[in-house]
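Text of the file entry_38.txt, holding compact mmCIF, C-alpha atoms:
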```
# COMPACT_ATOMS: atom_id res chain seq x y z
CA MET A 1 6.93 19.98 -11.07
CA ASN A 2 8.87 19.61 -7.80
CA GLN A 3 9.69 23.32 -7.82
CA ARG A 4 6.06 24.18 -8.40
CA LEU A 5 5.06 21.91 -5.53
CA HIS A 6 7.70 23.51 -3.31
CA ILE A 7 6.41 27.00 -4.06
CA LYS A 8 2.85 25.92 -3.46
CA SER A 9 3.68 24.43 -0.07
CA ARG A 10 5.55 27.59 0.92
CA THR A 11 2.59 29.73 -0.01
CA ARG A 12 0.27 27.35 1.80
CA ASN A 13 2.42 27.51 4.93
CA ILE A 14 2.46 31.30 4.81
CA ILE A 15 -1.30 31.40 4.54
CA ILE A 16 -1.75 28.96 7.42
CA ALA A 17 0.69 30.84 9.65
CA GLY A 18 -0.92 34.16 8.79
CA THR A 19 -4.39 32.81 9.51
CA ILE A 20 -3.35 31.40 12.88
CA PHE A 21 -1.67 34.71 13.74
CA MET A 22 -4.78 36.72 12.91
CA LEU A 23 -7.05 34.27 14.75
CA VAL A 24 -4.98 34.51 17.92
CA LEU A 25 -4.81 38.30 17.64
CA GLY A 26 -8.51 38.52 16.96
CA SER A 27 -9.33 36.32 19.95
CA LEU A 28 -7.20 38.34 22.31
CA PHE A 29 -8.67 41.57 20.98
CA TYR A 30 -12.20 40.24 21.37
CA TYR A 31 -11.51 39.17 24.96
CA ASN A 32 -10.21 42.63 25.87
CA TRP A 33 -13.01 44.31 23.96
CA VAL A 34 -15.62 42.43 26.03
CA GLN A 35 -13.86 43.52 29.25
CA TYR A 36 -13.69 47.08 27.96
CA GLN A 37 -17.41 47.13 27.11
CA GLU A 38 -18.31 45.82 30.57
CA ILE A 39 -16.37 48.65 32.16
CA GLN A 40 -17.81 51.25 29.79
CA GLN A 41 -21.33 50.15 30.73
CA LYS A 42 -20.63 51.16 34.32
CA TYR A 43 -19.94 54.68 33.04
CA GLY A 44 -23.56 54.90 31.95
CA GLU A 45 -24.11 56.66 35.26
CA CYS A 46 -21.77 59.41 34.11
CA HIS A 47 -23.64 62.35 32.59
CA ASP A 48 -20.62 64.36 31.60
CA SER A 49 -18.15 64.24 28.72
CA ALA A 50 -15.72 62.40 31.01
CA CYS A 51 -15.94 61.04 34.51
CA LEU A 52 -13.66 59.89 37.27
CA ARG A 53 -14.89 56.67 38.82
CA ILE A 54 -14.05 55.99 42.46
CA TYR A 55 -14.68 52.41 43.44
CA GLY A 56 -13.40 49.40 45.32
CA ASN A 57 -13.57 48.58 48.98
CA ILE A 58 -15.68 51.65 49.78
CA PRO A 59 -19.38 51.84 50.70
CA SER A 60 -20.53 52.90 47.24
CA GLU A 61 -19.12 53.63 43.82
CA ARG A 62 -18.98 57.32 42.86
CA PHE A 63 -18.70 59.15 39.55
CA ILE A 64 -17.40 62.70 39.34
CA GLY A 65 -17.86 64.56 36.09
CA ILE A 66 -15.05 66.61 34.64
CA SER A 67 -17.18 69.75 34.86
CA GLU A 68 -17.41 69.30 38.60
CA LEU A 69 -13.65 68.84 38.80
CA MET A 70 -13.08 72.05 36.88
CA ASP A 71 -15.68 74.33 38.46
CA GLY A 72 -14.03 74.82 41.86
CA THR A 73 -16.17 72.37 43.82
CA PHE A 74 -12.98 70.71 45.04
CA ALA A 75 -9.78 72.29 46.25
CA ARG A 76 -7.36 72.96 43.43
CA VAL A 77 -3.73 73.85 42.96
CA GLU A 78 -3.00 76.17 40.08
CA ASN A 79 0.14 76.39 37.97
CA ILE A 80 2.48 74.50 40.25
CA THR A 81 5.78 73.04 39.11
CA TYR A 82 5.55 69.28 38.96
CA PHE A 83 8.60 67.02 38.74
CA THR A 84 8.38 63.60 37.17
CA LEU A 85 11.16 61.07 37.59
CA ASN A 86 11.02 58.09 35.27
CA SER A 87 12.46 54.58 35.40
CA VAL A 88 15.78 55.63 33.84
CA ASN A 89 16.35 58.53 36.21
CA ASN A 90 15.26 61.15 33.71
CA THR A 91 13.48 64.19 35.14
CA MET A 92 10.73 66.07 33.38
CA ILE A 93 9.26 69.32 34.62
CA THR A 94 5.79 70.55 33.82
CA THR A 95 3.40 73.16 35.15
CA ILE A 96 0.13 71.67 36.23
CA SER A 97 -3.23 72.67 37.61
CA ALA A 98 -5.00 69.95 39.48
CA VAL A 99 -7.62 68.93 41.98
CA LEU A 100 -6.48 67.46 45.29
CA LEU A 101 -7.59 63.85 45.61
CA TRP A 102 -7.89 64.13 49.39
CA ASP A 103 -10.39 66.96 49.07
CA ILE A 104 -12.52 64.85 46.71
CA LEU A 105 -12.61 62.02 49.24
CA GLU A 106 -13.43 64.39 52.10
CA LYS A 107 -16.18 66.28 50.32
CA LEU A 108 -17.78 63.05 49.07
CA ARG A 109 -17.33 61.56 52.57
CA ILE A 110 -15.79 58.37 51.25
CA ASP A 111 -15.04 56.00 54.09
CA LEU A 112 -11.51 54.60 53.83
CA SER A 113 -11.54 52.50 56.98
CA ASP A 114 -11.47 49.21 55.04
CA VAL A 115 -8.91 50.42 52.51
CA GLN A 116 -5.24 49.55 52.50
CA TYR A 117 -4.15 50.63 49.01
CA LEU A 118 -5.21 52.77 46.14
CA ARG A 119 -4.25 52.66 42.50
CA PHE A 120 -4.96 54.79 39.44
CA GLU A 121 -6.49 53.22 36.36
CA SER A 122 -6.88 54.45 32.82
CA SER A 123 -9.41 53.87 30.09
CA ASP A 124 -6.93 51.85 28.01
CA GLY A 125 -6.54 49.23 30.73
CA TYR A 126 -3.39 50.58 32.32
CA LYS A 127 -3.12 50.26 36.10
CA THR A 128 -0.48 51.60 38.45
CA PHE A 129 1.32 49.90 41.29
CA GLU A 130 -0.55 49.97 44.55
CA ILE A 131 0.02 52.97 46.83
CA PRO A 132 -0.42 52.54 50.59
CA ILE A 133 -3.41 54.54 51.77
CA SER A 134 -1.33 55.78 54.69
CA LEU A 135 0.68 57.91 52.26
CA LEU A 136 -2.48 59.68 51.13
CA GLN A 137 -3.69 60.11 54.69
CA LYS A 138 -0.41 61.68 55.79
CA ASN A 139 0.16 63.81 52.68
CA HIS A 140 -3.10 65.42 51.65
CA ASP A 141 -1.46 67.76 49.17
CA ALA A 142 0.60 65.15 47.33
CA PHE A 143 -2.00 63.35 45.24
CA PHE A 144 -3.50 65.12 42.26
CA ILE A 145 -6.06 64.74 39.59
CA ILE A 146 -4.44 66.85 36.88
CA THR A 147 -6.81 68.83 34.68
CA GLN A 148 -4.42 71.28 32.97
CA ILE A 149 -0.83 71.18 31.84
CA ASP A 150 1.05 74.37 31.04
CA GLY A 151 -2.15 76.32 31.49
CA LYS A 152 -4.15 74.37 28.92
CA PRO A 153 -6.72 71.63 29.42
CA ILE A 154 -5.38 68.24 28.52
CA ALA A 155 -6.70 67.12 25.16
CA PRO A 156 -8.69 63.87 25.29
CA GLN A 157 -7.46 60.66 23.72
CA SER A 158 -9.73 61.11 20.71
CA GLU A 159 -7.84 64.31 19.88
CA GLY A 160 -4.42 62.77 20.36
CA GLY A 161 -3.91 64.04 23.90
CA ASP A 162 -3.31 62.26 27.17
CA GLY A 163 -6.44 63.45 28.90
CA PRO A 164 -8.84 64.80 29.77
CA LEU A 165 -7.58 63.75 33.19
CA LYS A 166 -4.23 62.54 34.46
CA SER A 167 -3.00 61.54 37.86
CA GLY A 168 0.05 62.74 39.70
CA VAL A 169 1.88 62.02 42.92
CA ILE A 170 4.69 64.12 44.34
CA TYR A 171 7.95 62.22 44.05
CA THR A 172 9.44 63.01 47.46
CA ILE A 173 6.67 61.39 49.48
CA LEU A 174 7.10 58.17 47.50
CA GLU A 175 10.87 58.20 47.83
CA GLU A 176 10.70 58.62 51.59
CA SER A 177 8.31 55.72 52.09
CA ASP A 178 9.86 52.35 52.97
CA GLU A 179 6.71 50.57 51.92
CA MET A 180 6.89 52.14 48.45
CA GLN A 181 10.50 50.99 48.18
CA GLN A 182 9.35 47.44 48.86
CA ILE A 183 6.52 47.70 46.36
CA PHE A 184 8.88 48.90 43.66
CA GLU A 185 11.33 46.11 44.43
CA LYS A 186 8.49 43.61 44.18
CA TYR A 187 7.90 44.83 40.62
CA ASN A 188 11.57 44.65 39.71
CA GLN A 189 12.12 48.38 39.62
CA ASN A 190 15.56 49.62 40.64
CA PHE A 191 14.34 52.70 42.45
CA VAL A 192 11.19 54.57 43.32
CA HIS A 193 9.95 56.99 40.71
CA ASN A 194 6.67 58.79 40.23
CA SER A 195 6.27 58.49 36.46
CA LYS A 196 4.49 55.21 37.17
CA PHE A 197 1.66 57.22 38.70
CA ASN A 198 1.34 59.80 35.94
CA VAL A 199 -1.51 57.91 34.42
CA LYS A 200 -2.86 59.31 31.19
CA TYR A 201 -6.51 58.83 30.18
CA LEU A 202 -7.22 58.56 33.91
CA ASP A 203 -10.76 57.37 34.47
CA ALA A 204 -10.82 55.47 37.75
CA ILE A 205 -9.27 55.20 41.17
CA LYS A 206 -9.59 51.90 42.94
CA PHE A 207 -9.44 51.70 46.74
CA TYR A 208 -8.87 48.19 48.06
CA MET B 1 39.38 56.14 -44.95
CA GLN B 2 38.33 56.76 -41.43
CA ASN B 3 41.07 56.77 -38.84
CA ASN B 4 40.61 54.84 -35.68
CA PHE B 5 39.47 57.90 -33.79
CA GLU B 6 36.73 58.79 -36.26
CA LYS B 7 35.69 55.15 -36.53
CA SER B 8 35.40 54.82 -32.80
CA ASN B 9 33.50 58.10 -32.59
CA ASN B 10 31.04 57.05 -35.26
CA ASP B 11 30.45 53.78 -33.48
CA LEU B 12 29.42 55.57 -30.31
CA ASP B 13 25.71 55.92 -29.61
CA SER B 14 23.54 56.05 -26.52
CA SER B 15 23.46 52.26 -26.17
CA THR B 16 27.25 52.00 -25.96
CA LEU B 17 27.87 54.93 -23.66
CA ILE B 18 29.08 53.93 -20.18
CA PRO B 19 27.10 55.58 -17.31
CA THR B 20 29.09 58.28 -15.57
CA GLY B 21 30.67 57.29 -12.26
CA SER B 22 30.39 53.53 -12.61
CA ARG B 23 33.37 51.29 -12.30
CA SER B 24 33.76 47.75 -13.36
CA LYS B 25 32.90 45.07 -10.88
CA ILE B 26 36.33 43.54 -11.28
CA ILE B 27 38.05 46.76 -10.19
CA GLN B 28 35.68 47.10 -7.22
CA GLU B 29 36.31 43.52 -6.17
CA LYS B 30 40.07 44.01 -6.34
CA GLN B 31 39.87 47.15 -4.26
CA ARG B 32 37.65 45.48 -1.70
CA LYS B 33 40.11 42.63 -1.29
CA HIS B 34 42.94 45.07 -0.75
CA SER B 35 41.02 47.30 1.71
CA LYS B 36 41.76 46.77 5.37
CA TYR B 37 38.41 48.27 6.34
CA TYR B 38 35.17 46.34 6.36
CA PHE B 39 33.04 49.35 5.54
CA SER B 40 33.78 51.35 2.43
CA THR B 41 33.31 55.10 2.36
CA GLU B 42 30.05 54.57 0.51
CA ASP B 43 28.84 52.15 3.20
CA LEU B 44 29.60 54.66 5.92
CA LEU B 45 27.89 57.47 4.06
CA ILE B 46 24.74 55.54 3.34
CA GLY B 47 24.53 54.06 6.83
CA SER B 48 25.05 57.49 8.38
CA ILE B 49 22.61 59.30 6.13
CA LEU B 50 19.91 56.75 6.80
CA GLY B 51 20.64 56.87 10.51
CA ILE B 52 20.26 60.64 10.46
CA MET B 53 17.04 60.42 8.48
CA GLY B 54 15.78 57.83 10.93
CA GLY B 55 16.75 60.00 13.85
CA PHE B 56 14.87 62.98 12.49
CA ILE B 57 11.81 61.23 11.18
CA SER B 58 11.42 58.53 13.79
CA GLY B 59 12.47 60.86 16.59
CA LEU B 60 10.38 63.90 15.79
CA VAL B 61 7.30 62.71 13.98
CA LYS B 62 4.55 61.60 16.35
CA PHE B 63 3.56 58.44 14.53
CA ASP B 64 1.74 57.17 17.60
CA LEU B 65 -0.98 59.76 16.96
CA LEU B 66 -2.08 57.56 14.08
CA VAL B 67 -3.10 54.91 16.58
CA LYS B 68 -3.75 56.39 20.00
CA THR B 69 -6.75 58.43 18.87
CA TRP B 70 -8.77 55.31 18.11
CA TYR B 71 -7.18 52.22 19.61
CA PRO B 72 -8.69 51.61 23.04
CA PHE B 73 -6.09 49.42 24.80
CA VAL B 74 -2.56 49.66 26.15
CA GLY B 75 0.09 48.71 23.59
CA GLY B 76 -1.66 49.93 20.48
CA THR B 77 1.19 52.20 19.47
CA GLN B 78 3.20 49.08 18.72
CA LEU B 79 1.15 48.91 15.53
CA ILE B 80 3.20 51.76 14.15
CA SER B 81 6.51 51.11 15.91
CA GLY B 82 8.13 49.46 12.88
CA HIS B 83 9.20 52.85 11.53
CA ARG B 84 12.18 52.72 13.90
CA LEU B 85 13.70 49.77 12.04
CA LEU B 86 12.83 50.95 8.55
CA TRP B 87 16.06 52.89 8.14
CA MET B 88 18.28 50.03 9.26
CA MET B 89 16.61 47.69 6.80
CA ILE B 90 17.02 50.15 3.94
CA ALA B 91 20.71 50.56 4.80
CA TYR B 92 21.14 46.78 4.78
CA GLY B 93 19.25 46.46 1.52
CA LEU B 94 21.36 49.06 -0.25
CA ARG B 95 24.74 47.78 0.92
CA ARG B 96 24.04 44.11 1.69
CA LYS B 97 26.29 44.13 4.74
CA LYS B 98 24.47 43.18 7.92
CA PRO B 99 26.77 45.10 10.31
CA ILE B 100 25.69 48.34 8.68
CA ILE B 101 22.48 47.92 10.67
CA PHE B 102 24.46 48.64 13.86
CA LEU B 103 25.95 51.82 12.45
CA THR B 104 22.56 53.12 11.38
CA ALA B 105 21.03 52.15 14.72
CA ILE B 106 23.67 53.93 16.79
CA ILE B 107 23.38 57.14 14.79
CA GLN B 108 19.59 57.00 14.89
CA GLY B 109 19.59 56.35 18.62
CA PHE B 110 22.00 59.20 19.23
CA LEU B 111 19.80 61.62 17.34
CA ASN B 112 16.74 60.45 19.23
CA TYR B 113 18.64 61.16 22.43
CA LEU B 114 19.53 64.65 21.23
CA PHE B 115 15.89 65.29 20.42
CA GLY B 116 14.95 64.67 24.03
CA SER B 117 13.90 61.07 24.25
CA GLN B 118 12.38 60.19 27.61
CA TRP B 119 14.91 57.35 27.89
CA SER B 120 17.85 59.77 27.71
CA ILE B 121 21.18 58.24 26.64
CA LEU B 122 19.69 54.75 26.98
CA GLU B 123 17.88 55.47 23.73
CA ILE B 124 21.10 54.51 21.93
CA GLY B 125 21.17 51.23 23.81
CA PHE B 126 17.55 50.46 23.02
CA THR B 127 18.01 51.15 19.31
CA PHE B 128 21.16 49.05 19.29
CA TYR B 129 19.28 46.29 21.09
CA GLU B 130 16.64 46.26 18.35
CA SER B 131 19.35 46.17 15.70
CA VAL B 132 20.93 43.11 17.31
CA PHE B 133 17.69 41.19 16.99
CA LEU B 134 17.26 42.47 13.47
CA PHE B 135 20.75 41.18 12.70
CA PHE B 136 19.84 37.77 14.13
CA GLY B 137 16.63 37.76 12.15
CA LEU B 138 18.46 38.43 8.91
CA SER B 139 21.07 35.79 9.76
CA ILE B 140 18.34 33.21 10.36
CA MET B 141 16.64 34.13 7.10
CA GLN B 142 19.97 33.73 5.33
CA LEU B 143 20.20 30.18 6.69
CA PHE B 144 16.83 29.39 5.18
CA GLY B 145 17.69 31.08 1.92
CA GLU B 146 15.04 33.77 2.47
CA ASN B 147 17.36 36.74 2.87
CA ASP B 148 16.29 38.20 -0.45
CA THR B 149 12.58 37.53 -0.32
CA LYS B 150 9.77 39.70 0.98
CA LEU B 151 8.89 37.00 3.50
CA GLY B 152 12.45 36.84 4.79
CA TRP B 153 12.70 40.59 5.18
CA GLY B 154 9.32 40.72 6.85
CA LEU B 155 10.13 37.98 9.33
CA ALA B 156 13.54 39.43 10.17
CA ALA B 157 12.12 42.90 10.71
CA GLY B 158 9.19 41.47 12.64
CA LEU B 159 11.58 39.69 14.98
CA GLY B 160 13.68 42.82 15.39
CA ASN B 161 10.67 44.96 16.27
CA LEU B 162 9.10 42.31 18.47
CA SER B 163 12.21 42.23 20.65
CA GLN B 164 11.63 45.70 22.11
CA VAL B 165 8.17 44.95 23.48
CA PRO B 166 9.20 42.68 26.38
CA LEU B 167 12.13 44.98 27.12
CA PHE B 168 9.95 48.06 27.59
CA TRP B 169 7.23 46.19 29.41
CA ILE B 170 9.76 44.86 31.91
CA ILE B 171 11.54 48.20 32.34
CA THR B 172 8.29 50.05 32.98
CA GLY B 173 6.89 47.25 35.16
CA LYS B 174 3.73 46.92 33.08
CA ILE B 175 4.32 43.24 32.62
CA PHE B 176 3.78 42.61 36.33
CA ILE B 177 0.49 44.45 36.57
CA LEU B 178 -1.42 44.33 33.33
CA HIS B 179 -3.23 41.32 31.92
CA TRP B 180 -1.06 38.95 29.89
CA SER B 181 -3.36 39.25 26.89
CA LEU B 182 -2.44 42.92 26.53
CA PHE B 183 1.24 41.97 26.58
CA VAL B 184 0.78 39.24 23.97
CA MET B 185 -1.23 41.61 21.79
CA SER B 186 1.51 44.23 22.05
CA CYS B 187 4.09 41.64 20.99
CA MET B 188 1.95 40.63 18.04
CA PHE B 189 1.42 44.23 17.02
CA GLY B 190 5.14 44.82 17.27
CA PHE B 191 5.82 41.84 15.04
CA LEU B 192 3.16 42.86 12.54
CA SER B 193 4.41 46.43 12.41
CA GLY B 194 7.99 45.27 11.90
CA PHE B 195 6.89 42.83 9.21
CA LEU B 196 4.91 45.40 7.25
CA ILE B 197 6.77 48.65 7.74
CA ALA B 198 10.38 47.62 8.29
CA GLY B 199 10.11 44.50 6.15
CA LEU B 200 7.83 44.87 3.19
CA ILE B 201 7.95 48.65 2.81
CA ALA B 202 11.73 48.68 3.24
CA LYS B 203 12.08 45.99 0.56
CA LEU B 204 9.87 47.99 -1.76
CA VAL B 205 11.93 51.13 -1.20
CA VAL B 206 15.23 49.31 -1.67
CA ASP B 207 14.05 47.62 -4.86
CA ARG B 208 12.92 50.96 -6.27
CA ILE B 209 16.19 52.68 -5.37
CA LEU B 210 18.25 49.88 -6.90
CA ALA B 211 16.10 49.82 -10.02
CA ALA B 212 16.55 53.56 -10.43
CA GLN B 213 20.33 53.06 -10.08
CA ILE B 214 20.56 56.09 -7.82
CA ILE B 215 23.06 54.26 -5.64
```

Could you rewrite the structure in this file as structure tokens?
Amino acid sequence: MNQRLHIKSRTRNIIIAGTIFMLVLGSLFYYNWVQYQEIQQKYGECHDSACLRIYGNIPSERFIGISELMDGTFARVENITYFTLNSVNNTMITTISAVLLWDILEKLRIDLSDVQYLRFESSDGYKTFEIPISLLQKNHDAFFIITQIDGKPIAPQSEGGDGPLKSGVIYTILEESDEMQQIFEKYNQNFVHNSKFNVKYLDAIKFY
Amino acid sequence: MQNNFEKSNNDLDSSTLIPTGSRSKIIQEKQRKHSKYYFSTEDLLIGSILGIMGGFISGLVKFDLLVKTWYPFVGGTQLISGHRLLWMMIAYGLRRKKPIIFLTAIIQGFLNYLFGSQWSILEIGFTFYESVFLFFGLSIMQLFGENDTKLGWGLAAGLGNLSQVPLFWIITGKIFILHWSLFVMSCMFGFLSGFLIAGLIAKLVVDRILAAQII
């Protein structure tokens, strides 16, 4: 009788713990899902299969469709060698084709006078560290919106890829910046590396 | 009159035959007591083979594709991350020596490094780190008398897999930028994945292997 009671209480405890676990998980998921839906609603203005949203402390929010990014409207670099350094000092080399972010801002005449930083954001909620806007203003060719890797368009998330868009920043301009060093130290990183800014599923750039 | 040889032959049938290769438990126990090594040759072989299998399968197969095509938030791939600890748990289950987890982890981590892990040689350290928490988990379950139950295995493996989430979030700096709810969800997914894949599935596999008397 006591053994049966012991087993029953064990099973009961497992069920209670499991229920609490799933309730907490469900609540957190629901919270993030609501945030996600709110952001997705803003993309209603996008009439393309994927869009890059430019928003923040700028006069007005802009959406650029992926077709526009691919059709030569903006200045591109083709098949350049791109080095990525990650947080454990590992280097990866890829060949990319990309649109220059500076050219997008110029052609859309986006006013950056009230902007101090920019950051890349992805559709899964990932955000990068802030990048001083001065780095972009001094290095027009160092910030990319990557559309192809190794000559092929980046597969979208639904097809298991990291695209259709990714971001990229040339490592040397980050390494040489004292302000970037301080930003990385603030986030407990031992050294500056650019893998932090290789955002997959890129869908927004915030200027603030 | 039958001689002893004929009599003994006639008495032999399939129910009295001794399985090939087995030795009595008494002999094994005596040899173990006299051995100066903690791991037997069989322990080393099984731990190594499972580490190699783990290195190949966990290192080369893109399990995260099962999740990233549909899960919308950061940290979803933790749902499938338990496969990394599966091999260590199977090694423990087959040999019932907790330190064998470390052997399997080191070999698995080394193979992952050879296959071009983005973490380079630190991959060995990360796998070893997970194995340490798995070891603690199993030790705690042993204290509660749950080291042979599905729940105990699940909780130990869940703890082992959960341990790597804060580590990677701190190393990559995500923990300082992203919302805490995403971090907590990742931890919970890591625990759940460890519980199901490295705990329950590993126990099922071990039970089946032991029942089949393959090892």

Proximity check chain B to chain A, 6 Å, nearest pairs one decimal Å, only C-alpha atoms, as a tab-separated table:
```
residue	atom	partner	partner_atom	distance
B:Leu65	CA	A:Gly160	CA	5.7
B:Thr69	CA	A:Ser158	CA	4.4
B:Pro72	CA	A:Asp124	CA	5.3
B:Phe73	CA	A:Asp124	CA	4.1
B:Val74	CA	A:Asp124	CA	5.2
```

B:Leu159 surroundings by all atoms listed in the file, 8 Å radius, close-in-sequence under 3 positions cut, as a VMD selection string:
chain B and resid 133 to 134 137 155 to 156 162 to 163 191 194

Neighbours of A:Ile154 within 7 Å (all atoms listed in the file; same-chain residues fewer than 5 positions away dropped), as a tab-separated table (two decimals) with C-alpha atoms, in the coordinates of the input?
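Everything below was put into selection.tsv:
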```tsv
chain	number	residue	atom	x	y	z
A	147	THR	CA	-6.81	68.83	34.68
A	148	GLN	CA	-4.42	71.28	32.97
A	149	ILE	CA	-0.83	71.18	31.84
A	161	GLY	CA	-3.91	64.04	23.90
A	162	ASP	CA	-3.31	62.26	27.17
A	163	GLY	CA	-6.44	63.45	28.90
A	164	PRO	CA	-8.84	64.80	29.77
A	165	LEU	CA	-7.58	63.75	33.19
```

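Closest to B:Ile209 among B:Val61, B:Ser139, B:Lys150, B:Ala91 is B:Ala91, based on all atoms listed in the file.
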
inquiry  = So, with all atoms listed in the file as the atoms that count, which of A:Tyr171, A:Phe63, A:Tyr55, A:Trp102 lies closest to A:Tyr208?
reply    =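 For A:Tyr208, the nearest of the candidates is A:Tyr55.
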
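Taking all atoms listed in the file into account, A:Gln35 lies nearest to B:Leu182 out of the set B:Ile101, B:Leu182, B:Cys187, B:Ile215.
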
Check your understanding: atom CA of B:Val67 and atom CA of B:Phe135, how far apart in Å?
Key ->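 Computing it gives 27.8 Å between the two atoms.
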
Work out where the centre of an axis-aligned box around every listed atom of stretch 173-180 of chain A lies and how long its edges are once 4 Å is added on each side; give both in Å to one decimal as JSON.
```
{"center_x": 8.8, "center_y": 56.0, "center_z": 50.2, "size_x": 12.2, "size_y": 18.8, "size_z": 13.5}
```

Check: Excluding same-chain residues fewer than 3 positions from B:Gly160, what lies within 12 Å of it counting all atoms listed in the file, as an NGL selection string?
Finding: :B and (81-86 or 88-89 or 101 or 105 or 126-140 or 153-157 or 163-166 or 187 or 190-195 or 197-199)

Incomplete stretch 172-190 of chain B filled out to N, CA and C atoms as a short mmCIF file (atom, residue, chain, number, x, y, z; two decimals), in the frame of the given file:
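Result file part-v4.cif:
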```cif
data_model
loop_
_atom_site.label_atom_id
_atom_site.label_comp_id
_atom_site.auth_asym_id
_atom_site.auth_seq_id
_atom_site.Cartn_x
_atom_site.Cartn_y
_atom_site.Cartn_z
N THR B 172 9.33 49.18 32.40
CA THR B 172 8.29 50.05 32.98
C THR B 172 7.45 49.31 34.02
N GLY B 173 7.63 48.02 34.16
CA GLY B 173 6.89 47.25 35.16
C GLY B 173 5.48 46.88 34.75
N LYS B 174 5.11 47.21 33.53
CA LYS B 174 3.73 46.92 33.08
C LYS B 174 3.45 45.43 33.06
N ILE B 175 4.50 44.68 32.78
CA ILE B 175 4.32 43.24 32.62
C ILE B 175 3.86 42.58 33.91
N PHE B 176 4.14 43.21 35.04
CA PHE B 176 3.78 42.61 36.33
C PHE B 176 2.37 42.98 36.78
N ILE B 177 1.78 43.95 36.10
CA ILE B 177 0.49 44.45 36.57
C ILE B 177 -0.63 44.18 35.57
N LEU B 178 -0.34 44.40 34.31
CA LEU B 178 -1.42 44.33 33.33
C LEU B 178 -1.67 42.89 32.91
N HIS B 179 -2.84 42.67 32.34
CA HIS B 179 -3.23 41.32 31.92
C HIS B 179 -2.31 40.82 30.82
N TRP B 180 -2.00 39.53 30.85
CA TRP B 180 -1.06 38.95 29.89
C TRP B 180 -1.54 39.10 28.45
N SER B 181 -2.85 39.14 28.26
CA SER B 181 -3.36 39.25 26.89
C SER B 181 -2.95 40.58 26.26
N LEU B 182 -2.87 41.63 27.07
CA LEU B 182 -2.44 42.92 26.53
C LEU B 182 -0.97 42.86 26.12
N PHE B 183 -0.17 42.14 26.91
CA PHE B 183 1.24 41.97 26.58
C PHE B 183 1.40 41.18 25.28
N VAL B 184 0.67 40.08 25.17
CA VAL B 184 0.78 39.24 23.97
C VAL B 184 0.33 40.03 22.74
N MET B 185 -0.75 40.78 22.91
CA MET B 185 -1.23 41.61 21.79
C MET B 185 -0.18 42.64 21.38
N SER B 186 0.46 43.25 22.36
CA SER B 186 1.51 44.23 22.05
C SER B 186 2.63 43.57 21.27
N CYS B 187 3.02 42.37 21.70
CA CYS B 187 4.09 41.64 20.99
C CYS B 187 3.67 41.36 19.55
N MET B 188 2.42 40.95 19.39
CA MET B 188 1.95 40.63 18.04
C MET B 188 1.87 41.88 17.17
N PHE B 189 1.45 42.97 17.78
CA PHE B 189 1.42 44.23 17.02
C PHE B 189 2.83 44.67 16.63
N GLY B 190 3.76 44.48 17.56
CA GLY B 190 5.14 44.82 17.27
C GLY B 190 5.68 44.00 16.11
#
```
